[in-house]
2 protein chains.
Amino acid sequence: MTTILKLGGSVITDKDRRETVDVPALEAAATAVASAIDTESPVDDLVVVHGGGSYGHYHAEEHGVSTTDGTHDARAALAIHDAMKRLNGHVLDAFGQRDVPALPVHPLSVGARDAEGDLSFSLDSVRTMLAEGFVPVLHGDGVAHAGEGVTVVSGDELVVRLAEGLDADRVGLCSTVPGVLDTNDEVVPEIREFGDVAAALGGSDSTDVTGGMAAKVRALLALGAPAHIFGPDELEAFLAGDAPGTCIDG
Amino acid sequence: MTTILKLGGSVITDKDRRETVDVPALEAAATAVASAIDTESPVDDLVVVHGGGSYGHYHAEEHGVSTTDGTHDARAALAIHDAMKRLNGHVLDAFGQRDVPALPVHPLSVGARDAEGDLSFSLDSVRTMLAEGFVPVLHGDGVAHAGEGVTVVSGDELVVRLAEGLDADRVGLCSTVPGVLDTNDEVVPEIREFGDVAAALGGSDSTDVTGGMAAKVRALLALGAPAHIFGPDELEAFLAGDAPGTCIDG
């Protein structure tokens, strides 16, 4: 059973304070992961992806780098990459202290975008790490991009690539919201097509250029595996095989 | 013109002192690279690989990890990997200070060995970085290995993979020796087949299990590009298109 778990950058960092880990939140997440892989749980092969929070986003904005607008300035690319490696180091430390056999996979080292922005991302390292009992930990990062220099690859984009490439059984997105909310701010338990939530999410793509919840729901509907969006308090339940928050299954 | 440059670990570190950079040697190498890419030189696309020196080897030996004997202990794998990333950070700093647009490529993130030990190593990131004007900097590292956990991938092995995969025009190995030495300790200017130096290098494979000069010469003879082994004082000449030290061209 292969599980992809995304830890949102706003879950594990204090988004308002530059390069600040939310230590209690990170420790709680690491503890949940440690107990899940230590027990007879549905989690067998686990890949973790974390977002940038107050690490990556700050530097990306400072240098005007996005998923489509790049930089040819190696210093700018390194500022983003090094910040993300610092956050990744904190995540690995929290996991390692709880005996989670986590190893880092830095996307800048692996992937590339072509001139159309399509991402190629070899999964050789991730697959072999999983087969050997390790927990690969990836993160939003910079990535070389034909014609653009270096652009951003988001954690969400990596989740999609991993879920498809590894033929994952379950995808979990641990975020600061408890799920996809309807127009009454209630969690929608299940989404099977975009029409289910179009009204609540604003519908048209044109209102969603920043990649908000509508884009996330569309991407997750296209996956071959059920995806769950839930809050930090539900991480343990997700890892135990439950379906907390919103289940998106297209 | 694609050039692969290996900076030997014993060139840029003090091999006798744990995790100690040879700062003057590293700065001299970075200065030579900076002036080569800044001028009308034969260096157009440049990939740099550095060895482990007193960083990687120390931790690899401490944990009994080699290119064939691995570890399933994530802490041991991380000890090797993190040490190599610290050295890589020093190399990137030295390059960056001289306006070399260097970006790191960490082999643990990219590659994997199958059960036979054969290395798969995607060059998507390296190729796109080169096309965008960056200088990818790789290093000896750990790599996930089917059945073994994590083993070592040497800088020399990466040089061969890069030279073949990128169809490199020239390969340079900057080491602490001025070239391949004959039985009179004189530099052999050219080697076109192993028989040229078999006597000087001890000949049989059985005396060379640690991957010394004989194994290196055999690997370089099999490349499709001329390879040059030279000392640190000759780096500038190599980058200018000269053929210092020993030229190995099979």
# chains A, B, ... in the order shown; residues from 1 in each chain; ligands from 1
>>> residues_around(residues="B:Ser10", least_positions_apart="5", cutoff="9 Å", atoms="only C-alpha atoms", output="short mmCIF file (atom, residue, chain, number, x, y, z; two decimals) with N, CA and C atoms, in the first residue's frame")
data_model
loop_
_atom_site.label_atom_id
_atom_site.label_comp_id
_atom_site.auth_asym_id
_atom_site.auth_seq_id
_atom_site.Cartn_x
_atom_site.Cartn_y
_atom_site.Cartn_z
N LYS B 15 42.94 15.90 3.58
CA LYS B 15 42.44 14.54 3.79
C LYS B 15 42.75 14.00 5.19
N ASP B 22 40.55 22.52 2.16
CA ASP B 22 41.82 23.16 1.83
C ASP B 22 41.44 24.46 1.12
N GLY B 51 34.97 15.12 -5.28
CA GLY B 51 35.05 13.93 -4.44
C GLY B 51 34.75 14.26 -2.99
N GLY B 52 34.99 13.27 -2.14
CA GLY B 52 34.60 13.40 -0.74
C GLY B 52 35.70 13.87 0.19
N GLY B 53 36.95 13.53 -0.14
CA GLY B 53 38.06 13.94 0.71
C GLY B 53 37.79 13.62 2.17
N SER B 54 38.08 14.56 3.05
CA SER B 54 37.94 14.29 4.48
C SER B 54 36.49 14.46 4.95
N SER B 175 43.70 16.09 -9.85
CA SER B 175 44.02 15.26 -8.68
C SER B 175 45.30 15.76 -8.03
N THR B 176 45.72 15.08 -6.97
CA THR B 176 46.94 15.53 -6.29
C THR B 176 48.21 15.03 -6.98
#
>>> interface_residues(of="chain B", to="chain A", cutoff="6 Å", atoms="only C-alpha atoms", output="list in words")
Ala74, Pro101, Val105, His106, Ser109, Val110, Gly111, Ala112, Asp124, Ser125, Thr128, Met129, Glu132, Ala144 and Gly149 of chain B
>>> write_last_selection(atoms="N, CA and C atoms", output="compact mmCIF listing (two decimals), in the first residue's frame")
# COMPACT_ATOMS: atom_id res chain seq x y z
N ALA B 74 19.08 4.80 8.28
CA ALA B 74 18.95 6.13 7.68
C ALA B 74 19.93 7.12 8.31
N PRO B 101 27.88 30.55 -12.10
CA PRO B 101 26.47 30.27 -11.79
C PRO B 101 26.23 28.80 -11.45
N VAL B 105 23.65 19.46 -7.60
CA VAL B 105 22.87 18.27 -7.95
C VAL B 105 23.35 17.16 -7.00
N HIS B 106 22.47 16.79 -6.08
CA HIS B 106 22.86 15.81 -5.06
C HIS B 106 22.48 14.41 -5.52
N SER B 109 19.55 12.20 -4.32
CA SER B 109 18.21 12.58 -4.76
C SER B 109 17.86 12.02 -6.14
N VAL B 110 18.86 11.70 -6.91
CA VAL B 110 18.65 11.41 -8.33
C VAL B 110 18.75 9.93 -8.66
N GLY B 111 19.81 9.30 -8.23
CA GLY B 111 20.19 8.01 -8.76
C GLY B 111 19.75 6.83 -7.92
N ALA B 112 19.98 5.65 -8.43
CA ALA B 112 19.70 4.40 -7.71
C ALA B 112 20.52 3.30 -8.37
N ASP B 124 18.15 14.64 -16.58
CA ASP B 124 17.20 15.72 -16.91
C ASP B 124 17.62 17.05 -16.29
N SER B 125 17.92 17.02 -15.00
CA SER B 125 18.24 18.28 -14.31
C SER B 125 19.55 18.86 -14.85
N THR B 128 19.18 20.35 -18.43
CA THR B 128 18.42 21.60 -18.48
C THR B 128 19.21 22.73 -17.82
N MET B 129 19.89 22.43 -16.73
CA MET B 129 20.75 23.44 -16.11
C MET B 129 21.79 23.94 -17.11
N GLU B 132 20.45 26.19 -19.72
CA GLU B 132 20.07 27.50 -19.19
C GLU B 132 21.27 28.30 -18.68
N ALA B 144 20.57 5.09 -3.13
CA ALA B 144 19.75 3.92 -2.79
C ALA B 144 20.13 2.75 -3.69
N GLY B 149 20.29 -1.20 0.70
CA GLY B 149 19.97 0.03 1.42
C GLY B 149 20.53 1.23 0.71
>>> residues_around(residues="A:Ser66", least_positions_apart="2", cutoff="6 Å", atoms="only C-alpha atoms", output="list in words")
Thr68, Asp69, Thr151 and Val152 of chain A
>>> atom_distance(atom1="atom CA of B:Ala227", atom2="atom CA of B:Val91")
22.5 Å
>>> residues_around(residues="stretch 178-195 of chain B", least_positions_apart="4", cutoff="10 Å", atoms="only C-alpha atoms", output="mmCIF file with N, CA and C atoms, in the first residue's frame")
data_model
loop_
_atom_site.group_PDB
_atom_site.id
_atom_site.type_symbol
_atom_site.label_atom_id
_atom_site.label_comp_id
_atom_site.auth_asym_id
_atom_site.auth_seq_id
_atom_site.Cartn_x
_atom_site.Cartn_y
_atom_site.Cartn_z
ATOM 1 N N LEU B 173 40.382 15.347 -14.907
ATOM 2 C CA LEU B 173 40.430 14.893 -13.512
ATOM 3 C C LEU B 173 41.584 15.592 -12.818
ATOM 4 N N CYS B 174 41.235 16.582 -12.012
ATOM 5 C CA CYS B 174 42.238 17.351 -11.290
ATOM 6 C C CYS B 174 42.514 16.637 -9.975
ATOM 7 N N ALA B 199 52.464 -2.333 -16.716
ATOM 8 C CA ALA B 199 53.603 -2.623 -15.837
ATOM 9 C C ALA B 199 53.669 -1.615 -14.692
ATOM 10 N N ALA B 200 53.515 -0.341 -15.039
ATOM 11 C CA ALA B 200 53.628 0.696 -14.018
ATOM 12 C C ALA B 200 52.493 0.644 -13.010
ATOM 13 N N LEU B 201 51.315 0.218 -13.468
ATOM 14 C CA LEU B 201 50.147 0.247 -12.581
ATOM 15 C C LEU B 201 49.889 -1.078 -11.877
ATOM 16 N N GLY B 202 50.740 -2.046 -12.114
ATOM 17 C CA GLY B 202 50.577 -3.303 -11.386
ATOM 18 C C GLY B 202 49.795 -4.337 -12.163
ATOM 19 N N GLY B 203 49.184 -3.907 -13.272
ATOM 20 C CA GLY B 203 48.568 -4.868 -14.192
ATOM 21 C C GLY B 203 47.288 -5.502 -13.726
ATOM 22 N N MET B 213 44.498 3.716 -9.365
ATOM 23 C CA MET B 213 44.749 4.307 -10.673
ATOM 24 C C MET B 213 44.463 3.342 -11.817
ATOM 25 N N ALA B 214 44.740 2.035 -11.619
ATOM 26 C CA ALA B 214 44.514 1.082 -12.711
ATOM 27 C C ALA B 214 43.031 1.042 -13.096
ATOM 28 N N VAL B 217 42.125 4.251 -14.929
ATOM 29 C CA VAL B 217 42.598 4.271 -16.318
ATOM 30 C C VAL B 217 41.725 3.396 -17.203
ATOM 31 N N ARG B 218 41.368 2.207 -16.695
ATOM 32 C CA ARG B 218 40.500 1.315 -17.480
ATOM 33 C C ARG B 218 39.165 1.989 -17.775
ATOM 34 N N LEU B 220 38.463 5.176 -17.881
ATOM 35 C CA LEU B 220 38.614 6.337 -18.760
ATOM 36 C C LEU B 220 38.928 5.915 -20.194
ATOM 37 N N LEU B 221 39.631 4.784 -20.351
ATOM 38 C CA LEU B 221 39.893 4.277 -21.702
ATOM 39 C C LEU B 221 38.595 3.912 -22.407
ATOM 40 N N ALA B 222 37.580 3.518 -21.625
ATOM 41 C CA ALA B 222 36.315 3.074 -22.215
ATOM 42 C C ALA B 222 35.407 4.241 -22.599
ATOM 43 N N PRO B 226 38.309 12.069 -24.812
ATOM 44 C CA PRO B 226 39.626 12.080 -24.167
ATOM 45 C C PRO B 226 39.511 12.564 -22.723
ATOM 46 N N ALA B 227 40.254 11.889 -21.839
ATOM 47 C CA ALA B 227 40.270 12.282 -20.430
ATOM 48 C C ALA B 227 41.680 12.665 -20.035
ATOM 49 N N HIS B 228 41.788 13.710 -19.233
ATOM 50 C CA HIS B 228 43.094 14.212 -18.821
ATOM 51 C C HIS B 228 43.207 14.128 -17.311
ATOM 52 N N ILE B 229 44.322 13.556 -16.851
ATOM 53 C CA ILE B 229 44.604 13.523 -15.414
ATOM 54 C C ILE B 229 45.769 14.474 -15.171
ATOM 55 N N PHE B 230 45.554 15.429 -14.286
ATOM 56 C CA PHE B 230 46.586 16.455 -14.071
ATOM 57 C C PHE B 230 46.498 16.987 -12.639
ATOM 58 N N GLY B 231 47.525 17.721 -12.247
ATOM 59 C CA GLY B 231 47.554 18.287 -10.896
ATOM 60 C C GLY B 231 46.892 19.650 -10.850
ATOM 61 N N PRO B 232 46.675 20.165 -9.634
ATOM 62 C CA PRO B 232 45.955 21.444 -9.456
ATOM 63 C C PRO B 232 46.578 22.612 -10.221
ATOM 64 N N ASP B 233 47.912 22.612 -10.356
ATOM 65 C CA ASP B 233 48.561 23.730 -11.051
ATOM 66 C C ASP B 233 48.230 23.773 -12.540
ATOM 67 N N GLU B 234 47.713 22.666 -13.050
ATOM 68 C CA GLU B 234 47.438 22.572 -14.488
ATOM 69 C C GLU B 234 45.964 22.774 -14.833
ATOM 70 N N ALA B 243 46.493 20.120 -23.031
ATOM 71 C CA ALA B 243 46.447 18.709 -22.615
ATOM 72 C C ALA B 243 47.546 18.436 -21.596
ATOM 73 N N PRO B 244 47.401 19.008 -20.394
ATOM 74 C CA PRO B 244 48.441 18.791 -19.379
ATOM 75 C C PRO B 244 48.341 17.389 -18.804
ATOM 76 N N GLY B 245 49.399 16.965 -18.108
ATOM 77 C CA GLY B 245 49.380 15.663 -17.430
ATOM 78 C C GLY B 245 49.287 14.524 -18.413
ATOM 79 N N THR B 246 48.448 13.549 -18.092
ATOM 80 C CA THR B 246 48.279 12.381 -18.923
ATOM 81 C C THR B 246 46.958 12.451 -19.680
ATOM 82 N N CYS B 247 47.029 12.244 -20.983
ATOM 83 C CA CYS B 247 45.797 12.169 -21.783
ATOM 84 C C CYS B 247 45.466 10.698 -22.015
ATOM 85 N N ILE B 248 44.258 10.297 -21.617
ATOM 86 C CA ILE B 248 43.815 8.911 -21.780
ATOM 87 C C ILE B 248 42.728 8.903 -22.852
ATOM 88 N N ASP B 249 43.009 8.224 -23.938
ATOM 89 C CA ASP B 249 42.091 8.269 -25.074
ATOM 90 C C ASP B 249 42.078 6.886 -25.744
ATOM 91 N N GLY B 250 41.058 6.120 -25.432
ATOM 92 C CA GLY B 250 41.059 4.700 -25.820
ATOM 93 C C GLY B 250 40.615 4.441 -27.251
#
>>> select_by_dssp(residues="stretch 17-188 of chain A", states="alpha helix (DSSP H)", output="compact mmCIF listing (two decimals) with N, CA, C and O atoms, in the first residue's frame")
# COMPACT_ATOMS: atom_id res chain seq x y z
N VAL A 23 7.18 24.48 15.61
CA VAL A 23 7.79 23.28 16.20
C VAL A 23 6.74 22.31 16.76
O VAL A 23 6.81 21.10 16.45
N PRO A 24 5.77 22.77 17.55
CA PRO A 24 4.78 21.79 18.06
C PRO A 24 4.02 21.10 16.93
O PRO A 24 3.77 19.89 17.00
N ALA A 25 3.69 21.84 15.88
CA ALA A 25 2.95 21.23 14.77
C ALA A 25 3.81 20.21 14.03
O ALA A 25 3.34 19.13 13.68
N LEU A 26 5.07 20.55 13.79
CA LEU A 26 5.97 19.61 13.10
C LEU A 26 6.18 18.37 13.96
O LEU A 26 6.15 17.24 13.46
N GLU A 27 6.37 18.58 15.26
CA GLU A 27 6.61 17.42 16.14
C GLU A 27 5.38 16.53 16.21
O GLU A 27 5.50 15.30 16.22
N ALA A 28 4.21 17.13 16.22
CA ALA A 28 2.97 16.33 16.25
C ALA A 28 2.84 15.51 14.97
O ALA A 28 2.47 14.33 15.00
N ALA A 29 3.16 16.14 13.83
CA ALA A 29 3.07 15.42 12.56
C ALA A 29 4.08 14.28 12.51
O ALA A 29 3.76 13.16 12.09
N ALA A 30 5.31 14.55 12.98
CA ALA A 30 6.34 13.51 12.97
C ALA A 30 5.96 12.36 13.90
O ALA A 30 6.19 11.19 13.58
N THR A 31 5.36 12.69 15.02
CA THR A 31 4.93 11.64 15.96
C THR A 31 3.84 10.77 15.34
O THR A 31 3.85 9.54 15.48
N ALA A 32 2.91 11.40 14.63
CA ALA A 32 1.84 10.64 13.96
C ALA A 32 2.42 9.72 12.90
O ALA A 32 2.02 8.55 12.78
N VAL A 33 3.38 10.22 12.12
CA VAL A 33 4.01 9.39 11.08
C VAL A 33 4.78 8.24 11.72
O VAL A 33 4.70 7.09 11.28
N ALA A 34 5.51 8.55 12.81
CA ALA A 34 6.32 7.51 13.46
C ALA A 34 5.42 6.39 13.99
O ALA A 34 5.75 5.20 13.83
N SER A 35 4.31 6.74 14.61
CA SER A 35 3.47 5.67 15.16
C SER A 35 2.77 4.91 14.04
O SER A 35 2.52 3.71 14.17
N ALA A 36 2.49 5.57 12.92
CA ALA A 36 1.83 4.87 11.81
C ALA A 36 2.74 3.83 11.18
O ALA A 36 2.31 2.71 10.88
N ILE A 37 4.02 4.18 11.00
CA ILE A 37 4.89 3.20 10.34
C ILE A 37 5.37 2.15 11.32
O ILE A 37 5.92 1.13 10.93
N ASP A 38 5.11 2.37 12.63
CA ASP A 38 5.57 1.44 13.65
C ASP A 38 4.51 0.39 13.96
O ASP A 38 4.79 -0.58 14.66
N GLY A 53 5.92 27.04 3.03
CA GLY A 53 5.57 27.89 4.16
C GLY A 53 6.40 29.16 4.18
O GLY A 53 6.61 29.80 3.14
N SER A 54 6.90 29.52 5.35
CA SER A 54 7.63 30.78 5.48
C SER A 54 9.09 30.64 5.02
O SER A 54 9.88 31.57 5.19
N TYR A 55 9.46 29.50 4.45
CA TYR A 55 10.82 29.32 3.92
C TYR A 55 10.86 29.64 2.41
O TYR A 55 11.37 30.66 2.00
N GLY A 56 10.27 28.75 1.61
CA GLY A 56 10.39 28.91 0.17
C GLY A 56 9.68 30.11 -0.40
O GLY A 56 10.23 30.87 -1.20
N HIS A 57 8.43 30.31 0.04
CA HIS A 57 7.62 31.36 -0.58
C HIS A 57 8.25 32.74 -0.44
O HIS A 57 8.24 33.54 -1.37
N TYR A 58 8.80 32.97 0.74
CA TYR A 58 9.41 34.28 0.99
C TYR A 58 10.48 34.60 -0.06
O TYR A 58 10.47 35.66 -0.69
N HIS A 59 11.39 33.64 -0.25
CA HIS A 59 12.49 33.88 -1.20
C HIS A 59 12.01 33.90 -2.65
O HIS A 59 12.52 34.65 -3.47
N ALA A 60 11.03 33.04 -2.95
CA ALA A 60 10.51 33.01 -4.32
C ALA A 60 9.88 34.35 -4.67
O ALA A 60 10.12 34.91 -5.76
N GLU A 61 9.10 34.89 -3.75
CA GLU A 61 8.46 36.19 -4.01
C GLU A 61 9.51 37.29 -4.11
O GLU A 61 9.45 38.16 -4.99
N GLU A 62 10.49 37.24 -3.23
CA GLU A 62 11.54 38.26 -3.22
C GLU A 62 12.25 38.34 -4.56
O GLU A 62 12.65 39.42 -5.01
N ALA A 74 21.81 32.47 -10.52
CA ALA A 74 22.05 31.30 -9.67
C ALA A 74 21.88 31.66 -8.19
O ALA A 74 21.43 30.83 -7.40
N ARG A 75 22.22 32.90 -7.82
CA ARG A 75 22.06 33.29 -6.42
C ARG A 75 20.60 33.27 -5.99
O ARG A 75 20.27 32.84 -4.88
N ALA A 76 19.71 33.73 -6.85
CA ALA A 76 18.28 33.72 -6.52
C ALA A 76 17.78 32.29 -6.41
O ALA A 76 17.04 31.94 -5.48
N ALA A 77 18.19 31.45 -7.38
CA ALA A 77 17.77 30.05 -7.34
C ALA A 77 18.27 29.37 -6.06
O ALA A 77 17.55 28.61 -5.42
N LEU A 78 19.51 29.68 -5.70
CA LEU A 78 20.08 29.08 -4.48
C LEU A 78 19.40 29.60 -3.22
O LEU A 78 19.28 28.87 -2.23
N ALA A 79 18.99 30.85 -3.23
CA ALA A 79 18.32 31.40 -2.05
C ALA A 79 17.05 30.59 -1.76
O ALA A 79 16.77 30.23 -0.61
N ILE A 80 16.29 30.31 -2.82
CA ILE A 80 15.07 29.51 -2.66
C ILE A 80 15.41 28.08 -2.24
O ILE A 80 14.86 27.53 -1.29
N HIS A 81 16.34 27.50 -2.99
CA HIS A 81 16.70 26.09 -2.76
C HIS A 81 17.29 25.88 -1.36
O HIS A 81 16.92 24.93 -0.66
N ASP A 82 18.20 26.74 -0.97
CA ASP A 82 18.85 26.58 0.34
C ASP A 82 17.84 26.75 1.47
O ASP A 82 17.91 26.05 2.49
N ALA A 83 16.91 27.70 1.31
CA ALA A 83 15.87 27.88 2.34
C ALA A 83 15.04 26.61 2.47
O ALA A 83 14.75 26.14 3.57
N MET A 84 14.69 26.03 1.32
CA MET A 84 13.87 24.81 1.37
C MET A 84 14.67 23.65 1.96
O MET A 84 14.10 22.78 2.64
N LYS A 85 15.99 23.62 1.71
CA LYS A 85 16.79 22.56 2.33
C LYS A 85 16.90 22.75 3.84
O LYS A 85 16.98 21.77 4.58
N ARG A 86 16.90 24.02 4.28
CA ARG A 86 16.91 24.23 5.73
C ARG A 86 15.62 23.70 6.36
O ARG A 86 15.66 23.00 7.38
N LEU A 87 14.48 24.01 5.73
CA LEU A 87 13.21 23.49 6.27
C LEU A 87 13.19 21.97 6.20
O LEU A 87 12.78 21.29 7.15
N ASN A 88 13.64 21.43 5.07
CA ASN A 88 13.70 19.98 4.92
C ASN A 88 14.58 19.34 6.01
O ASN A 88 14.26 18.26 6.53
N GLY A 89 15.65 20.01 6.36
CA GLY A 89 16.51 19.51 7.43
C GLY A 89 15.77 19.43 8.76
O GLY A 89 15.92 18.46 9.51
N HIS A 90 14.93 20.43 9.05
CA HIS A 90 14.13 20.38 10.28
C HIS A 90 13.14 19.22 10.24
O HIS A 90 12.93 18.54 11.25
N VAL A 91 12.54 19.00 9.07
CA VAL A 91 11.58 17.89 8.95
C VAL A 91 12.29 16.56 9.14
O VAL A 91 11.83 15.68 9.88
N LEU A 92 13.46 16.41 8.51
CA LEU A 92 14.22 15.16 8.64
C LEU A 92 14.65 14.94 10.09
O LEU A 92 14.64 13.82 10.59
N ASP A 93 15.04 16.02 10.77
CA ASP A 93 15.44 15.89 12.18
C ASP A 93 14.27 15.39 13.03
O ASP A 93 14.43 14.49 13.85
N ALA A 94 13.11 16.02 12.82
CA ALA A 94 11.93 15.62 13.61
C ALA A 94 11.58 14.16 13.35
O ALA A 94 11.23 13.41 14.28
N PHE A 95 11.69 13.73 12.09
CA PHE A 95 11.41 12.33 11.76
C PHE A 95 12.49 11.42 12.37
O PHE A 95 12.18 10.40 12.97
N GLY A 96 13.73 11.79 12.16
CA GLY A 96 14.83 10.95 12.64
C GLY A 96 14.80 10.75 14.14
O GLY A 96 15.08 9.65 14.64
N GLN A 97 14.45 11.80 14.87
CA GLN A 97 14.36 11.68 16.33
C GLN A 97 13.31 10.68 16.75
O GLN A 97 13.33 10.18 17.88
N PRO A 107 14.13 18.19 -5.14
CA PRO A 107 13.65 18.24 -6.53
C PRO A 107 14.56 18.98 -7.50
O PRO A 107 14.64 18.59 -8.66
N LEU A 108 15.27 20.03 -7.06
CA LEU A 108 16.17 20.72 -7.99
C LEU A 108 17.20 19.76 -8.58
O LEU A 108 17.64 19.92 -9.72
N SER A 109 17.60 18.75 -7.78
CA SER A 109 18.59 17.78 -8.24
C SER A 109 18.02 16.81 -9.27
O SER A 109 18.79 16.20 -10.02
N VAL A 110 16.72 16.64 -9.27
CA VAL A 110 16.11 15.54 -10.02
C VAL A 110 15.39 15.99 -11.29
O VAL A 110 15.58 15.43 -12.35
N ASP A 124 13.48 7.05 -9.95
CA ASP A 124 14.43 5.97 -9.62
C ASP A 124 14.81 5.98 -8.14
O ASP A 124 14.81 4.95 -7.47
N SER A 125 15.19 7.16 -7.65
CA SER A 125 15.66 7.24 -6.26
C SER A 125 14.52 6.94 -5.30
O SER A 125 14.68 6.14 -4.36
N VAL A 126 13.36 7.55 -5.52
CA VAL A 126 12.21 7.36 -4.63
C VAL A 126 11.79 5.89 -4.59
O VAL A 126 11.58 5.31 -3.52
N ARG A 127 11.70 5.27 -5.76
CA ARG A 127 11.27 3.86 -5.82
C ARG A 127 12.24 2.95 -5.06
O ARG A 127 11.82 2.06 -4.32
N THR A 128 13.54 3.18 -5.26
CA THR A 128 14.51 2.30 -4.62
C THR A 128 14.55 2.56 -3.11
O THR A 128 14.67 1.63 -2.31
N MET A 129 14.44 3.82 -2.70
CA MET A 129 14.37 4.12 -1.27
C MET A 129 13.18 3.39 -0.63
O MET A 129 13.31 2.78 0.43
N LEU A 130 12.02 3.45 -1.27
CA LEU A 130 10.83 2.78 -0.73
C LEU A 130 11.07 1.28 -0.61
O LEU A 130 10.76 0.67 0.41
N ALA A 131 11.61 0.69 -1.66
CA ALA A 131 11.83 -0.75 -1.66
C ALA A 131 12.80 -1.17 -0.56
O ALA A 131 12.74 -2.29 -0.04
N GLY A 155 4.88 21.72 -3.96
CA GLY A 155 4.66 20.43 -3.33
C GLY A 155 3.45 19.72 -3.92
O GLY A 155 3.48 18.50 -4.13
N ASP A 156 2.40 20.47 -4.24
CA ASP A 156 1.20 19.85 -4.80
C ASP A 156 1.48 19.21 -6.16
O ASP A 156 0.96 18.14 -6.48
N GLU A 157 2.31 19.88 -6.96
CA GLU A 157 2.67 19.32 -8.27
C GLU A 157 3.46 18.01 -8.09
O GLU A 157 3.27 17.04 -8.84
N LEU A 158 4.33 18.00 -7.11
CA LEU A 158 5.11 16.78 -6.84
C LEU A 158 4.20 15.64 -6.36
O LEU A 158 4.41 14.48 -6.72
N VAL A 159 3.19 15.99 -5.56
CA VAL A 159 2.24 14.98 -5.08
C VAL A 159 1.57 14.28 -6.27
O VAL A 159 1.47 13.05 -6.30
N VAL A 160 1.16 15.08 -7.24
CA VAL A 160 0.50 14.51 -8.42
C VAL A 160 1.47 13.60 -9.19
O VAL A 160 1.14 12.47 -9.57
N ARG A 161 2.70 14.10 -9.40
CA ARG A 161 3.71 13.30 -10.12
C ARG A 161 3.99 11.98 -9.39
O ARG A 161 4.08 10.92 -10.01
N LEU A 162 4.12 12.05 -8.07
CA LEU A 162 4.43 10.85 -7.28
C LEU A 162 3.25 9.88 -7.29
O LEU A 162 3.43 8.67 -7.45
N ALA A 163 2.05 10.42 -7.11
CA ALA A 163 0.86 9.55 -7.05
C ALA A 163 0.70 8.79 -8.36
O ALA A 163 0.42 7.59 -8.37
N GLU A 164 0.92 9.50 -9.48
CA GLU A 164 0.78 8.85 -10.78
C GLU A 164 1.94 7.89 -11.03
O GLU A 164 1.74 6.75 -11.42
N GLY A 165 3.15 8.38 -10.81
CA GLY A 165 4.33 7.58 -11.13
C GLY A 165 4.48 6.34 -10.27
O GLY A 165 5.02 5.33 -10.71
>>> residues_around(residues="A:Val21", least_positions_apart="5", cutoff="7 Å", atoms="only C-alpha atoms", output="VMD selection string")
chain A and resid 12 to 14
>>> atom_distance(atom1="atom CA of B:Asp242", atom2="atom CA of B:Val11")
20.1 Å
>>> select_by_dssp(residues="stretch 88-234 of chain B", states="strand (DSSP E or B)", output="number ranges by chain")
B: 102-104, 112-113, 119-120, 135-139, 141-145, 149-153, 170-174, 181, 187, 190-191, 227-230
